[in-house]
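> Next comes data.txt, compact mmCIF, C-alpha atoms (C1' of nucleotides):
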```txt
# COMPACT_ATOMS: atom_id res chain seq x y z
CA MET A 431 39.55 24.05 -17.45
CA ARG A 432 36.65 22.75 -19.44
CA TRP A 433 33.88 24.31 -17.37
CA GLN A 434 33.39 27.93 -16.49
CA PRO A 435 33.63 28.47 -12.75
CA ASP A 436 30.66 28.73 -10.39
CA GLY A 437 28.00 27.05 -12.46
CA ARG A 438 25.61 27.24 -9.57
CA GLY A 439 26.05 30.98 -9.21
CA ARG A 440 25.51 31.48 -12.93
CA LEU A 441 22.28 29.53 -12.71
CA GLU A 442 21.07 31.65 -9.81
CA LEU A 443 21.86 34.84 -11.67
CA ALA A 444 20.30 33.69 -14.93
CA ALA A 445 17.16 32.59 -13.11
CA LEU A 446 16.81 35.89 -11.26
CA GLU A 447 17.21 37.84 -14.47
CA LEU A 448 14.78 35.75 -16.47
CA TYR A 449 12.17 35.69 -13.72
CA LEU A 450 12.37 39.47 -13.62
CA GLU A 451 12.26 39.87 -17.38
CA GLN A 452 9.54 37.39 -18.28
CA GLY A 453 7.97 36.30 -15.04
CA PHE A 454 8.45 33.03 -13.22
CA GLU A 455 5.83 30.95 -14.99
CA SER A 456 6.73 31.88 -18.50
CA THR A 457 10.36 31.11 -17.89
CA THR A 458 11.59 27.64 -18.74
CA VAL A 459 14.28 25.79 -16.88
CA ALA A 460 15.82 25.09 -20.26
CA GLU A 461 16.07 28.84 -20.82
CA ILE A 462 17.79 29.39 -17.51
CA ALA A 463 20.25 26.61 -18.20
CA GLU A 464 20.95 27.94 -21.66
CA ARG A 465 21.67 31.44 -20.41
CA ALA A 466 23.99 29.98 -17.81
CA GLY A 467 25.71 27.89 -20.48
CA LEU A 468 24.71 24.61 -18.88
CA SER A 469 22.23 21.83 -19.49
CA GLU A 470 18.80 21.53 -17.99
CA ARG A 471 19.84 18.37 -16.23
CA THR A 472 22.60 20.26 -14.45
CA PHE A 473 20.13 22.80 -13.14
CA PHE A 474 18.30 20.03 -11.34
CA ARG A 475 21.53 18.73 -9.90
CA HIS A 476 22.05 22.05 -8.19
CA PHE A 477 18.46 22.83 -7.25
CA ALA A 478 15.66 20.54 -6.21
CA ASP A 479 13.17 22.38 -8.36
CA LYS A 480 12.52 25.52 -10.35
CA ARG A 481 11.65 27.56 -7.25
CA GLU A 482 14.52 26.59 -5.06
CA VAL A 483 16.97 28.60 -7.16
CA LEU A 484 15.48 31.72 -5.56
CA PHE A 485 16.18 30.44 -2.06
CA PRO A 486 19.90 29.93 -1.86
CA GLY A 487 21.87 29.59 1.31
CA GLY A 488 20.10 26.48 2.45
CA ASP A 489 19.66 26.55 6.19
CA THR A 490 22.29 29.18 6.99
CA PHE A 491 19.44 31.54 7.64
CA GLU A 492 17.72 29.38 10.19
CA ASN A 493 20.99 28.54 11.86
CA LEU A 494 21.87 32.20 12.17
CA ILE A 495 18.64 32.87 13.99
CA ALA A 496 18.80 29.78 16.14
CA GLU A 497 22.32 30.49 17.28
CA ALA A 498 21.67 34.13 18.02
CA ALA A 499 18.61 33.18 20.04
CA LEU A 500 20.63 30.65 21.95
CA ALA A 501 23.34 33.18 22.63
CA ALA A 502 20.94 35.74 24.11
CA PRO A 503 21.46 36.72 27.75
CA VAL A 504 20.12 34.17 30.22
CA GLU A 505 17.82 36.66 31.84
CA PHE A 506 15.93 37.15 28.58
CA GLY A 507 12.52 35.56 28.41
CA PRO A 508 11.71 33.38 25.40
CA LEU A 509 10.19 36.21 23.38
CA ASP A 510 13.18 38.48 23.81
CA ALA A 511 15.52 35.62 23.04
CA ALA A 512 13.62 34.87 19.86
CA PHE A 513 13.86 38.50 18.87
CA ALA A 514 17.57 38.51 19.48
CA GLY A 515 17.64 35.81 16.83
CA LEU A 516 15.55 37.82 14.41
CA GLU A 517 17.72 40.87 14.84
CA ALA A 518 20.68 38.84 13.67
CA VAL A 519 18.86 38.52 10.36
CA GLY A 520 18.31 42.24 10.37
CA VAL A 521 22.04 42.75 10.48
CA PHE A 522 22.60 40.11 7.84
CA LEU A 523 20.18 41.73 5.40
CA LYS A 524 21.48 45.21 5.93
CA GLU A 525 23.79 45.08 2.92
CA ARG A 526 21.47 43.01 0.74
CA ARG A 527 18.40 45.15 0.64
CA SER A 528 18.28 45.80 -3.08
CA PHE A 529 18.76 42.14 -3.88
CA ALA A 530 16.05 41.25 -1.40
CA GLN A 531 13.75 43.73 -3.10
CA LYS A 532 14.27 42.27 -6.55
CA ARG A 533 13.68 38.81 -5.22
CA GLN A 534 10.59 39.88 -3.36
CA ARG A 535 9.12 41.47 -6.44
CA ILE A 536 9.27 38.11 -8.17
CA ILE A 537 7.87 36.24 -5.21
CA SER A 538 5.02 38.67 -4.71
CA ALA A 539 3.90 38.04 -8.28
CA THR A 540 3.91 34.26 -7.98
CA PRO A 541 1.78 32.19 -5.60
CA GLU A 542 3.97 29.16 -6.18
CA LEU A 543 6.91 31.08 -4.84
CA GLN A 544 4.97 32.45 -1.91
CA GLU A 545 4.26 28.90 -0.88
CA ARG A 546 7.92 28.11 -0.94
CA GLU A 547 8.75 31.19 1.08
CA LEU A 548 6.17 30.33 3.69
CA ILE A 549 7.54 26.87 4.22
CA LYS A 550 11.01 28.32 4.60
CA LEU A 551 9.70 30.60 7.32
CA GLN A 552 8.02 27.60 8.88
CA SER A 553 11.32 25.81 9.16
CA VAL A 554 12.78 28.92 10.72
CA ALA A 555 10.06 28.74 13.34
CA THR A 556 10.86 25.09 14.00
CA LYS A 557 14.56 25.78 14.38
CA LEU A 558 13.80 28.69 16.65
CA GLN A 559 11.53 26.54 18.75
CA GLU A 560 14.40 24.12 19.33
CA SER A 561 16.58 26.97 20.53
CA LEU A 562 13.94 28.11 22.96
CA LEU A 563 13.56 24.59 24.26
CA GLU A 564 17.28 24.44 24.89
CA ARG A 565 16.98 27.68 26.82
CA GLY A 566 14.53 25.97 29.14
CA SER A 567 11.14 26.96 27.80
CA SER A 568 8.34 24.46 28.00
CA ALA A 569 7.30 22.83 24.74
CA PRO A 570 4.00 24.71 24.34
CA VAL A 571 5.56 28.06 25.12
CA ALA A 572 8.52 27.47 22.83
CA GLY A 573 6.24 26.51 19.97
CA LEU A 574 3.92 29.42 20.51
CA VAL A 575 6.63 32.03 20.90
CA ALA A 576 8.62 30.78 17.93
CA GLU A 577 5.55 30.92 15.75
CA VAL A 578 4.58 34.37 16.96
CA ALA A 579 8.10 35.69 16.57
CA VAL A 580 8.18 34.58 12.95
CA ALA A 581 4.78 36.13 12.41
CA VAL A 582 6.11 39.44 13.64
CA PHE A 583 9.15 39.01 11.45
CA LYS A 584 6.93 38.58 8.41
CA THR A 585 5.14 41.87 8.93
CA SER A 586 8.36 43.68 9.76
CA PHE A 587 10.14 42.33 6.74
CA GLU A 588 7.32 43.42 4.50
CA THR A 589 7.39 46.90 5.94
CA TRP A 590 11.13 47.08 5.55
CA ILE A 591 11.08 45.92 1.94
CA ARG A 592 8.40 48.42 1.03
CA ALA A 593 9.93 51.38 2.79
CA LYS A 594 11.01 54.18 0.48
CA ASN A 595 13.97 55.29 2.53
CA THR A 596 16.66 52.78 3.32
CA SER A 597 15.46 51.99 6.79
CA ASP A 598 16.85 49.48 9.21
CA LEU A 599 15.13 46.13 9.60
CA THR A 600 16.29 45.85 13.17
CA THR A 601 14.54 49.09 14.00
CA VAL A 602 11.33 47.93 12.39
CA LEU A 603 11.54 44.69 14.33
CA ARG A 604 11.85 46.52 17.60
CA SER A 605 8.87 48.73 17.01
CA SER A 606 6.79 45.76 15.90
CA LEU A 607 7.64 44.00 19.12
CA GLN A 608 6.54 47.09 20.94
CA GLU A 609 3.25 47.08 19.06
CA LEU A 610 2.78 43.42 19.84
CA ARG A 611 3.20 44.09 23.54
CA GLU A 612 0.64 46.84 23.40
CA ALA A 613 -1.82 44.74 21.45
CA THR A 614 -1.57 41.80 23.79
CA ALA A 615 -1.72 43.83 26.96
CA LEU A 616 -5.10 43.51 28.60
CA SER A 617 -7.06 46.68 28.09
CA GLN A 618 -7.56 48.12 31.51
CA MET B 338 -28.98 10.51 -16.33
CA ARG B 339 -25.69 9.71 -17.98
CA TRP B 340 -23.47 10.93 -15.18
CA GLN B 341 -23.44 9.82 -11.60
CA PRO B 342 -24.23 12.69 -9.27
CA ASP B 343 -21.68 14.77 -7.39
CA GLY B 344 -18.61 14.08 -9.48
CA ARG B 345 -16.67 16.57 -7.47
CA GLY B 346 -17.46 14.88 -4.20
CA ARG B 347 -16.47 11.50 -5.60
CA LEU B 348 -13.15 12.93 -6.67
CA GLU B 349 -12.53 14.35 -3.20
CA LEU B 350 -13.33 11.04 -1.57
CA ALA B 351 -11.27 8.99 -4.01
CA ALA B 352 -8.30 11.32 -3.55
CA LEU B 353 -8.48 11.16 0.24
CA GLU B 354 -8.61 7.39 0.19
CA LEU B 355 -5.77 6.97 -2.27
CA TYR B 356 -3.56 9.51 -0.56
CA LEU B 357 -4.07 7.59 2.66
CA GLU B 358 -3.51 4.19 1.08
CA GLN B 359 -0.50 4.93 -1.09
CA GLY B 360 0.72 8.35 -0.12
CA PHE B 361 0.30 11.59 -2.02
CA GLU B 362 3.29 11.38 -4.31
CA SER B 363 2.77 7.85 -5.46
CA THR B 364 -0.84 8.53 -6.31
CA THR B 365 -1.63 9.57 -9.85
CA VAL B 366 -4.38 11.94 -10.84
CA ALA B 367 -5.38 9.33 -13.40
CA GLU B 368 -5.87 6.86 -10.55
CA ILE B 369 -8.07 9.26 -8.62
CA ALA B 370 -10.17 9.97 -11.67
CA GLU B 371 -10.50 6.29 -12.43
CA ARG B 372 -11.69 5.47 -8.93
CA ALA B 373 -14.22 8.27 -9.17
CA GLY B 374 -15.34 7.01 -12.55
CA LEU B 375 -14.26 10.17 -14.35
CA SER B 376 -11.51 11.27 -16.64
CA GLU B 377 -8.28 12.94 -15.65
CA ARG B 378 -9.30 16.02 -17.57
CA THR B 379 -12.42 16.36 -15.46
CA PHE B 380 -10.37 16.28 -12.28
CA PHE B 381 -8.56 19.39 -13.43
CA ARG B 382 -11.82 21.06 -14.25
CA HIS B 383 -12.87 20.74 -10.62
CA PHE B 384 -9.52 21.36 -8.96
CA ALA B 385 -6.71 23.64 -9.96
CA ASP B 386 -4.12 21.01 -9.17
CA LYS B 387 -3.46 17.71 -7.44
CA ARG B 388 -3.18 19.31 -4.02
CA GLU B 389 -6.24 21.47 -4.11
CA VAL B 390 -8.55 18.47 -3.83
CA LEU B 391 -7.54 18.27 -0.16
CA PHE B 392 -8.60 21.85 0.49
CA PRO B 393 -12.27 22.03 -0.36
CA GLY B 394 -14.61 24.74 0.73
CA GLY B 395 -12.76 27.47 -1.07
CA ASP B 396 -12.82 30.61 1.02
CA THR B 397 -15.75 29.72 3.29
CA PHE B 398 -13.21 29.20 6.02
CA GLU B 399 -11.69 32.63 5.74
CA ASN B 400 -15.08 34.25 5.46
CA LEU B 401 -16.27 32.51 8.59
CA ILE B 402 -13.36 33.92 10.53
CA ALA B 403 -13.58 37.35 9.01
CA GLU B 404 -17.27 37.69 9.74
CA ALA B 405 -17.00 36.44 13.28
CA ALA B 406 -14.17 38.86 13.93
CA LEU B 407 -16.24 41.66 12.51
CA ALA B 408 -19.22 40.70 14.66
CA ALA B 409 -17.24 40.76 17.88
CA PRO B 410 -18.30 43.30 20.53
CA VAL B 411 -17.14 46.81 19.84
CA GLU B 412 -15.28 47.05 23.09
CA PHE B 413 -12.99 44.17 22.09
CA GLY B 414 -9.46 45.13 21.12
CA PRO B 415 -8.10 43.80 17.82
CA LEU B 416 -6.54 40.72 19.38
CA ASP B 417 -9.73 39.65 21.10
CA ALA B 418 -11.73 40.34 17.98
CA ALA B 419 -9.36 38.19 15.97
CA PHE B 420 -9.76 35.40 18.49
CA ALA B 421 -13.49 35.63 18.29
CA GLY B 422 -12.98 34.83 14.62
CA LEU B 423 -10.76 31.87 15.37
CA GLU B 424 -13.20 30.47 17.86
CA ALA B 425 -15.80 30.33 15.13
CA VAL B 426 -13.54 27.85 13.42
CA GLY B 427 -13.29 25.93 16.63
CA VAL B 428 -17.02 25.47 16.62
CA PHE B 429 -17.03 24.60 12.95
CA LEU B 430 -14.43 21.88 13.36
CA LYS B 431 -16.04 20.37 16.41
CA GLU B 432 -17.93 17.75 14.43
CA ARG B 433 -15.22 17.20 11.86
CA ARG B 434 -12.32 16.20 14.03
CA SER B 435 -11.77 12.71 12.67
CA PHE B 436 -11.85 13.94 9.10
CA ALA B 437 -9.43 16.69 10.01
CA GLN B 438 -7.13 14.12 11.52
CA LYS B 439 -7.05 11.95 8.43
CA ARG B 440 -6.40 14.95 6.29
CA GLN B 441 -3.66 16.17 8.58
CA ARG B 442 -1.93 12.82 8.53
CA ILE B 443 -1.60 13.13 4.77
CA ILE B 444 -0.46 16.73 4.92
CA SER B 445 2.11 16.06 7.62
CA ALA B 446 3.73 13.45 5.41
CA THR B 447 3.99 15.70 2.36
CA PRO B 448 5.97 18.96 2.15
CA GLU B 449 4.12 19.92 -1.01
CA LEU B 450 0.87 19.84 0.88
CA GLN B 451 2.29 21.72 3.83
CA GLU B 452 3.16 24.52 1.47
CA ARG B 453 -0.41 24.63 0.27
CA GLU B 454 -1.75 24.64 3.79
CA LEU B 455 0.52 27.49 4.76
CA ILE B 456 -0.64 29.68 1.92
CA LYS B 457 -4.23 28.98 2.89
CA LEU B 458 -3.47 30.17 6.38
CA GLN B 459 -1.81 33.19 4.89
CA SER B 460 -4.97 34.12 3.06
CA VAL B 461 -6.85 33.70 6.31
CA ALA B 462 -4.50 36.19 7.88
CA THR B 463 -5.09 38.61 5.04
CA LYS B 464 -8.84 38.32 5.32
CA LEU B 465 -8.63 38.73 9.05
CA GLN B 466 -6.52 41.82 8.62
CA GLU B 467 -9.25 43.37 6.51
CA SER B 468 -11.77 42.73 9.23
CA LEU B 469 -9.58 44.37 11.80
CA LEU B 470 -9.11 47.35 9.55
CA GLU B 471 -12.87 47.68 9.26
CA ARG B 472 -13.06 47.63 13.01
CA GLY B 473 -10.84 50.65 13.08
CA SER B 474 -7.39 49.27 13.72
CA SER B 475 -4.45 50.97 12.08
CA ALA B 476 -2.87 49.15 9.17
CA PRO B 477 0.30 48.07 10.98
CA VAL B 478 -1.60 46.85 14.01
CA ALA B 479 -4.18 44.99 11.93
CA GLY B 480 -1.46 43.25 9.95
CA LEU B 481 0.53 42.35 13.00
CA VAL B 482 -2.40 41.11 15.05
CA ALA B 483 -3.86 39.09 12.19
CA GLU B 484 -0.54 37.42 11.59
CA VAL B 485 -0.01 36.69 15.25
CA ALA B 486 -3.52 35.38 15.70
CA VAL B 487 -3.05 32.91 12.86
CA ALA B 488 0.28 31.89 14.36
CA VAL B 489 -1.45 31.08 17.62
CA PHE B 490 -4.12 29.22 15.71
CA LYS B 491 -1.50 27.05 14.08
CA THR B 492 -0.05 25.87 17.36
CA SER B 493 -3.48 25.39 18.89
CA PHE B 494 -4.74 23.42 15.94
CA GLU B 495 -1.72 21.15 16.08
CA THR B 496 -2.26 20.52 19.76
CA TRP B 497 -5.92 19.82 19.22
CA ILE B 498 -5.30 17.41 16.36
CA ARG B 499 -2.74 15.48 18.36
CA ALA B 500 -4.72 15.29 21.57
CA LYS B 501 -5.70 11.77 22.58
CA ASN B 502 -8.96 12.71 24.17
CA THR B 503 -11.53 14.52 22.10
CA SER B 504 -10.73 17.95 23.41
CA ASP B 505 -12.24 21.23 22.34
CA LEU B 506 -10.33 23.47 19.96
CA THR B 507 -11.94 26.54 21.42
CA THR B 508 -10.58 25.65 24.83
CA VAL B 509 -7.10 25.13 23.44
CA LEU B 510 -7.30 28.48 21.67
CA ARG B 511 -8.20 30.26 24.87
CA SER B 512 -5.36 28.79 26.83
CA SER B 513 -2.92 29.57 24.04
CA LEU B 514 -4.05 33.16 24.10
CA GLN B 515 -3.46 33.17 27.81
CA GLU B 516 0.04 31.81 27.27
CA LEU B 517 0.70 34.45 24.64
CA ARG B 518 -0.26 37.18 27.06
CA GLU B 519 2.07 35.80 29.67
CA ALA B 520 4.92 35.43 27.20
CA THR B 521 4.60 38.98 25.92
CA ALA B 522 4.15 40.58 29.31
CA LEU B 523 7.28 42.42 30.32
CA SER B 524 9.03 40.42 33.00
CA GLN B 525 8.94 42.51 36.12
C1' DT C 796 -39.07 19.78 -31.30
C1' DG C 797 -35.19 22.35 -31.20
C1' DA C 798 -31.92 25.59 -29.21
C1' DC C 799 -28.89 26.19 -25.48
C1' DG C 800 -25.82 25.38 -21.57
C1' DA C 801 -23.48 22.43 -18.16
C1' DA C 802 -20.71 18.53 -17.32
C1' DT C 803 -17.84 15.36 -19.34
C1' DG C 804 -14.69 12.88 -22.80
C1' DT C 805 -10.69 12.66 -26.17
C1' DC C 806 -6.43 14.00 -27.90
C1' DA C 807 -2.28 16.28 -28.52
C1' DG C 808 1.16 18.84 -26.56
C1' DT C 809 4.31 21.44 -23.13
C1' DC C 810 6.99 21.45 -19.16
C1' DG C 811 8.88 19.96 -14.68
C1' DC C 812 11.51 16.48 -13.06
C1' DT C 813 14.09 11.74 -12.69
C1' DG C 814 16.97 7.60 -13.68
C1' DA C 815 20.52 5.56 -16.23
C1' DC C 816 24.56 5.95 -18.46
C1' DG C 817 28.51 8.09 -20.56
C1' DT C 818 32.19 11.89 -20.70
C1' DT C 819 35.65 15.11 -19.15
C1' DA C 820 38.75 17.21 -16.01
C1' DA C 821 40.93 17.76 -11.64
C1' DT C 822 42.74 15.31 -7.70
C1' DT C 823 44.78 11.80 -5.28
C1' DA C 824 47.32 7.47 -4.75
C1' DC C 825 51.01 4.79 -5.82
C1' DG D 1443 54.44 10.19 -13.90
C1' DT D 1444 50.89 7.18 -14.55
C1' DA D 1445 46.71 5.10 -12.85
C1' DA D 1446 42.63 5.22 -10.03
C1' DT D 1447 39.21 8.00 -8.14
C1' DT D 1448 35.98 11.59 -7.84
C1' DA D 1449 33.37 15.83 -9.11
C1' DA D 1450 30.85 18.24 -12.46
C1' DC D 1451 28.63 17.97 -16.53
C1' DG D 1452 26.06 16.02 -20.94
C1' DT D 1453 22.63 13.03 -23.39
C1' DC D 1454 18.61 10.50 -23.72
C1' DA D 1455 14.43 8.35 -22.60
C1' DG D 1456 10.44 8.57 -19.99
C1' DC D 1457 6.71 9.69 -16.46
C1' DG D 1458 3.32 12.59 -14.67
C1' DA D 1459 1.13 17.18 -13.92
C1' DC D 1460 -1.35 20.33 -16.36
C1' DT D 1461 -3.56 22.95 -20.59
C1' DG D 1462 -5.97 24.10 -24.95
C1' DA D 1463 -9.00 22.77 -28.52
C1' DC D 1464 -12.73 20.33 -29.97
C1' DA D 1465 -16.42 16.93 -29.68
C1' DT D 1466 -20.21 14.63 -27.05
C1' DT D 1467 -24.06 13.86 -23.98
C1' DC D 1468 -27.80 15.20 -21.28
C1' DG D 1469 -31.14 18.28 -19.02
C1' DT D 1470 -33.82 22.45 -19.62
C1' DC D 1471 -36.60 25.77 -21.50
C1' DA D 1472 -38.75 28.25 -25.13
```
Could I get this file's structure written as structure tokens?


Amino acid sequence: MRWQPDGRGRLELAALELYLEQGFESTTVAEIAERAGLSERTFFRHFADKREVLFPGGDTFENLIAEAALAAPVEFGPLDAAFAGLEAVGVFLKERRSFAQKRQRIISATPELQERELIKLQSVATKLQESLLERGSSAPVAGLVAEVAVAVFKTSFETWIRAKNTSDLTTVLRSSLQELREATALSQ
Amino acid sequence: MRWQPDGRGRLELAALELYLEQGFESTTVAEIAERAGLSERTFFRHFADKREVLFPGGDTFENLIAEAALAAPVEFGPLDAAFAGLEAVGVFLKERRSFAQKRQRIISATPELQERELIKLQSVATKLQESLLERGSSAPVAGLVAEVAVAVFKTSFETWIRAKNTSDLTTVLRSSLQELREATALSQ
DNA sequence: TGACGAATGTCAGTCGCTGACGTTAATTAC
DNA sequence: GTAATTAACGTCAGCGACTGACATTCGTCA
């Protein structure tokens, strides 16, 4: 075989390493390609741009959430259904915490990458909204709840990533939901 | 005087027009500068990049929200304080609806610009969080509520922009908050 | 008048990214 | 088993976003 296997994976690994070593901005796509033993042009065949290499998996993430939300018990309201979706991610990330931490360190240091992450979360919200619509929510409620659920996810994820002990994202999610309910309850 | 006045303003106007006429991606910074009677280099002295020209005002927006949230009555809980901040934006945008619509048409057509908009909203959330902290909220609650408030703002703003009749953003915000409270209330 | 600073211009250069075209290797068809 | 097809990669040329360095013009103020 002329080519080493899994060129795409090698590019992802090389990019992660170089972004950690030198920072995102001072790393060149040519450098990444070189470390992966490929050409720059090939990098752009695998990834739309220099940032996308840090966001693999495409829409598997969104689909995971959407499906789990859809599969939630019928008696669940939209918010609980949405959270059933988010908890599926919690399970998914359980084994990948250290990778997620490395990745997040890079993203936190780079506004460009934060933008990309935010738009990914936005598409999660959109997908989630569709699920809630299918479950019978009205359009305004589905949009609102999806957006709010993702907002809660953001804060929970951040807490989970920063935690010293290896905590459970699902647990954090549940307590955030609890806090949300308290904060939205009308003060009596 | 050698230079026409308000170069920056001319660049903003030229950019808005060209983005509307030809789309964001097929518009060149050189074109914008030319229409404004300036050089490309000068464009980049006024704006960090090609997108930023659509987001003028810097952080006046965030400050407006943060201050209004801070000025809310002491007896308000964090969520209501946050909404007091958002309503200040509602007032601010009242007279600028048609401009906001043009701008939003461009943004909606361009993922790159959506990314930028999202990170602006993120910095609003951060600023808002600081206000809530000053009001005495705990860190987790402030973060959560700020994030959720901005999420509600996003859906309200979208509704307001799309409305056929010239509705009031503040009104939309209030009804969204009401919907949020219903959605988070435990189903009895 | 002359020194200084603010806004702009010019130029060269790097880097992200794309289109066009050619090459190699595995697979599939016959 | 050979030929056609396809998938993955390489090379090259080129555009456009963005930056650094240096020069210029104009208003201002001593």

> Within 9 Å of chain D, which residues of chain A are there when counting all atoms listed in the file? Please give them as an MDAnalysis selection string.

chainID A and resid 433 468:469 471:472

> Please determine an axis-aligned box that encloses all atoms of range 425-432 of chain B listed in the file, with 5 Å added on each side, and express its centre and edge lengths in Å to one decimal as lines of an AutoDock Vina configuration file.


```
center_x = -15.6
center_y = 24.0
center_z = 14.8
size_x = 14.6
size_y = 22.6
size_z = 13.7
```

> How close does chain B get to chain A? List, as a tab-separated table, each residue of chain B within 8 Å, its nearest atom pair and the distance in Å to one decimal, counting all atoms listed in the file.


```
residue	atom	partner	partner_atom	distance
B:Gly414	CA	A:Ser617	CA	7.5
B:Pro415	CA	A:Ala613	CA	7.3
B:Leu416	CA	A:Ala613	CA	6.5
B:Gln451	CA	A:Ile549	CA	7.4
B:Glu452	CA	A:Glu545	CA	5.1
B:Arg453	CA	A:Glu545	CA	6.4
B:Leu455	CA	A:Leu548	CA	6.4
B:Ile456	CA	A:Glu545	CA	5.7
B:Val478	CA	A:Glu609	CA	7.0
B:Gly480	CA	A:Thr585	CA	6.8
B:Leu481	CA	A:Thr585	CA	6.2
B:Val482	CA	A:Ala613	CA	7.4
B:Glu484	CA	A:Ala581	CA	5.5
B:Val485	CA	A:Val578	CA	5.4
B:Ala488	CA	A:Glu577	CA	5.5
B:Val489	CA	A:Leu574	CA	6.3
B:Thr492	CA	A:Leu574	CA	6.2
B:Ser513	CA	A:Leu574	CA	7.7
B:Glu516	CA	A:Val571	CA	7.0
B:Leu517	CA	A:Leu574	CA	7.3
B:Arg518	CA	A:Thr614	CA	5.8
B:Ala520	CA	A:Leu509	CA	6.6
B:Thr521	CA	A:Arg611	CA	5.8
B:Ala522	CA	A:Arg611	CA	6.8
B:Ser524	CA	A:Gly507	CA	7.5
```

> For the interface of chain C with chain B (cut-off 9 Å, counting only C-alpha atoms (C1' of nucleotides)), please tabulate each contacting residue of chain C alongside its nearest pair of atoms and their separation in Å to one decimal, rows sorted by chain and increasing number, as JSON lines.


```
{"residue": "C:DA802", "atom": "C1'", "partner": "B:Trp340", "partner_atom": "CA", "distance": 8.4}
{"residue": "C:DT803", "atom": "C1'", "partner": "B:Thr379", "partner_atom": "CA", "distance": 6.7}
{"residue": "C:DG804", "atom": "C1'", "partner": "B:Ser376", "partner_atom": "CA", "distance": 7.1}
```

> Quick one: distance from CA of Gly487 in chain A to CA of Gly439 in chain A in Å, one decimal?

11.4 Å

> When you draw a straight line from CA of Ala445 in chain A to CA of Glu461 in chain A, how long is it in Å?

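Interatomic distance, CA of Ala445 in chain A to CA of Glu461 in chain A: 8.6 Å.
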
> What separation in Å, quoted to one decimal, exists between CA of Ala499 in chain A and CA of Ala514 in chain A?

5.5 Å

> Taking 4 positions as the minimum chain separation for residues in the same chain, which residues sit within 7 Å of Leu401 in chain B when counting all atoms listed in the file? Answer as a count of residues only.

3

> Find the residues with any atom within 7 Å of (9.7, 23.5, -17.2); use all atoms listed in the file and the coordinates as given in the file, and write the answer as number ranges by chain.

A: 458-459; C: 810-811

> Just the selected residues (C-alpha atoms (C1' of nucleotides)), exported as a compact mmCIF listing (two decimals), in the coordinates of the input, please.


```
# COMPACT_ATOMS: atom_id res chain seq x y z
CA THR A 458 11.59 27.64 -18.74
CA VAL A 459 14.28 25.79 -16.88
C1' DC C 810 6.99 21.45 -19.16
C1' DG C 811 8.88 19.96 -14.68
```

> Excluding Asn493 in chain A and its own-chain neighbours fewer than 3 positions away, which residues fall within 10 Å of it when counting all atoms listed in the file? Please give them as a ChimeraX atom specification.

/A:488-490,496-499,515,554,557-558,561

> Starting from the sparse input, extend range 388-399 of chain B to N, CA and C atoms and give the output as a PDB file, in the frame of the given file.


```pdb
ATOM      1  N   ARG B 388      -3.116  19.059  -5.462  1.00  0.00           N
ATOM      2  CA  ARG B 388      -3.180  19.310  -4.020  1.00  0.00           C
ATOM      3  C   ARG B 388      -4.523  19.888  -3.598  1.00  0.00           C
ATOM      4  N   GLU B 389      -5.067  20.679  -4.477  1.00  0.00           N
ATOM      5  CA  GLU B 389      -6.240  21.470  -4.110  1.00  0.00           C
ATOM      6  C   GLU B 389      -7.415  20.604  -3.695  1.00  0.00           C
ATOM      7  N   VAL B 390      -7.441  19.364  -4.161  1.00  0.00           N
ATOM      8  CA  VAL B 390      -8.550  18.470  -3.830  1.00  0.00           C
ATOM      9  C   VAL B 390      -8.638  18.218  -2.325  1.00  0.00           C
ATOM     10  N   LEU B 391      -7.538  18.455  -1.627  1.00  0.00           N
ATOM     11  CA  LEU B 391      -7.540  18.270  -0.160  1.00  0.00           C
ATOM     12  C   LEU B 391      -7.969  19.531   0.568  1.00  0.00           C
ATOM     13  N   PHE B 392      -8.220  20.601  -0.156  1.00  0.00           N
ATOM     14  CA  PHE B 392      -8.600  21.850   0.490  1.00  0.00           C
ATOM     15  C   PHE B 392      -9.917  22.362  -0.085  1.00  0.00           C
ATOM     16  N   PRO B 393     -10.970  21.641   0.205  1.00  0.00           N
ATOM     17  CA  PRO B 393     -12.270  22.030  -0.360  1.00  0.00           C
ATOM     18  C   PRO B 393     -12.845  23.213   0.420  1.00  0.00           C
ATOM     19  N   GLY B 394     -13.955  23.673  -0.027  1.00  0.00           N
ATOM     20  CA  GLY B 394     -14.610  24.740   0.730  1.00  0.00           C
ATOM     21  C   GLY B 394     -14.213  26.122   0.269  1.00  0.00           C
ATOM     22  N   GLY B 395     -13.164  26.178  -0.550  1.00  0.00           N
ATOM     23  CA  GLY B 395     -12.760  27.470  -1.070  1.00  0.00           C
ATOM     24  C   GLY B 395     -12.447  28.462   0.037  1.00  0.00           C
ATOM     25  N   ASP B 396     -13.123  29.583   0.026  1.00  0.00           N
ATOM     26  CA  ASP B 396     -12.820  30.610   1.020  1.00  0.00           C
ATOM     27  C   ASP B 396     -13.914  30.711   2.096  1.00  0.00           C
ATOM     28  N   THR B 397     -14.726  29.676   2.232  1.00  0.00           N
ATOM     29  CA  THR B 397     -15.750  29.720   3.290  1.00  0.00           C
ATOM     30  C   THR B 397     -15.097  29.845   4.656  1.00  0.00           C
ATOM     31  N   PHE B 398     -13.972  29.184   4.781  1.00  0.00           N
ATOM     32  CA  PHE B 398     -13.210  29.200   6.020  1.00  0.00           C
ATOM     33  C   PHE B 398     -12.805  30.624   6.412  1.00  0.00           C
ATOM     34  N   GLU B 399     -12.167  31.268   5.489  1.00  0.00           N
ATOM     35  CA  GLU B 399     -11.690  32.630   5.740  1.00  0.00           C
ATOM     36  C   GLU B 399     -12.860  33.555   6.041  1.00  0.00           C
TER      37      GLU B 399
END
```
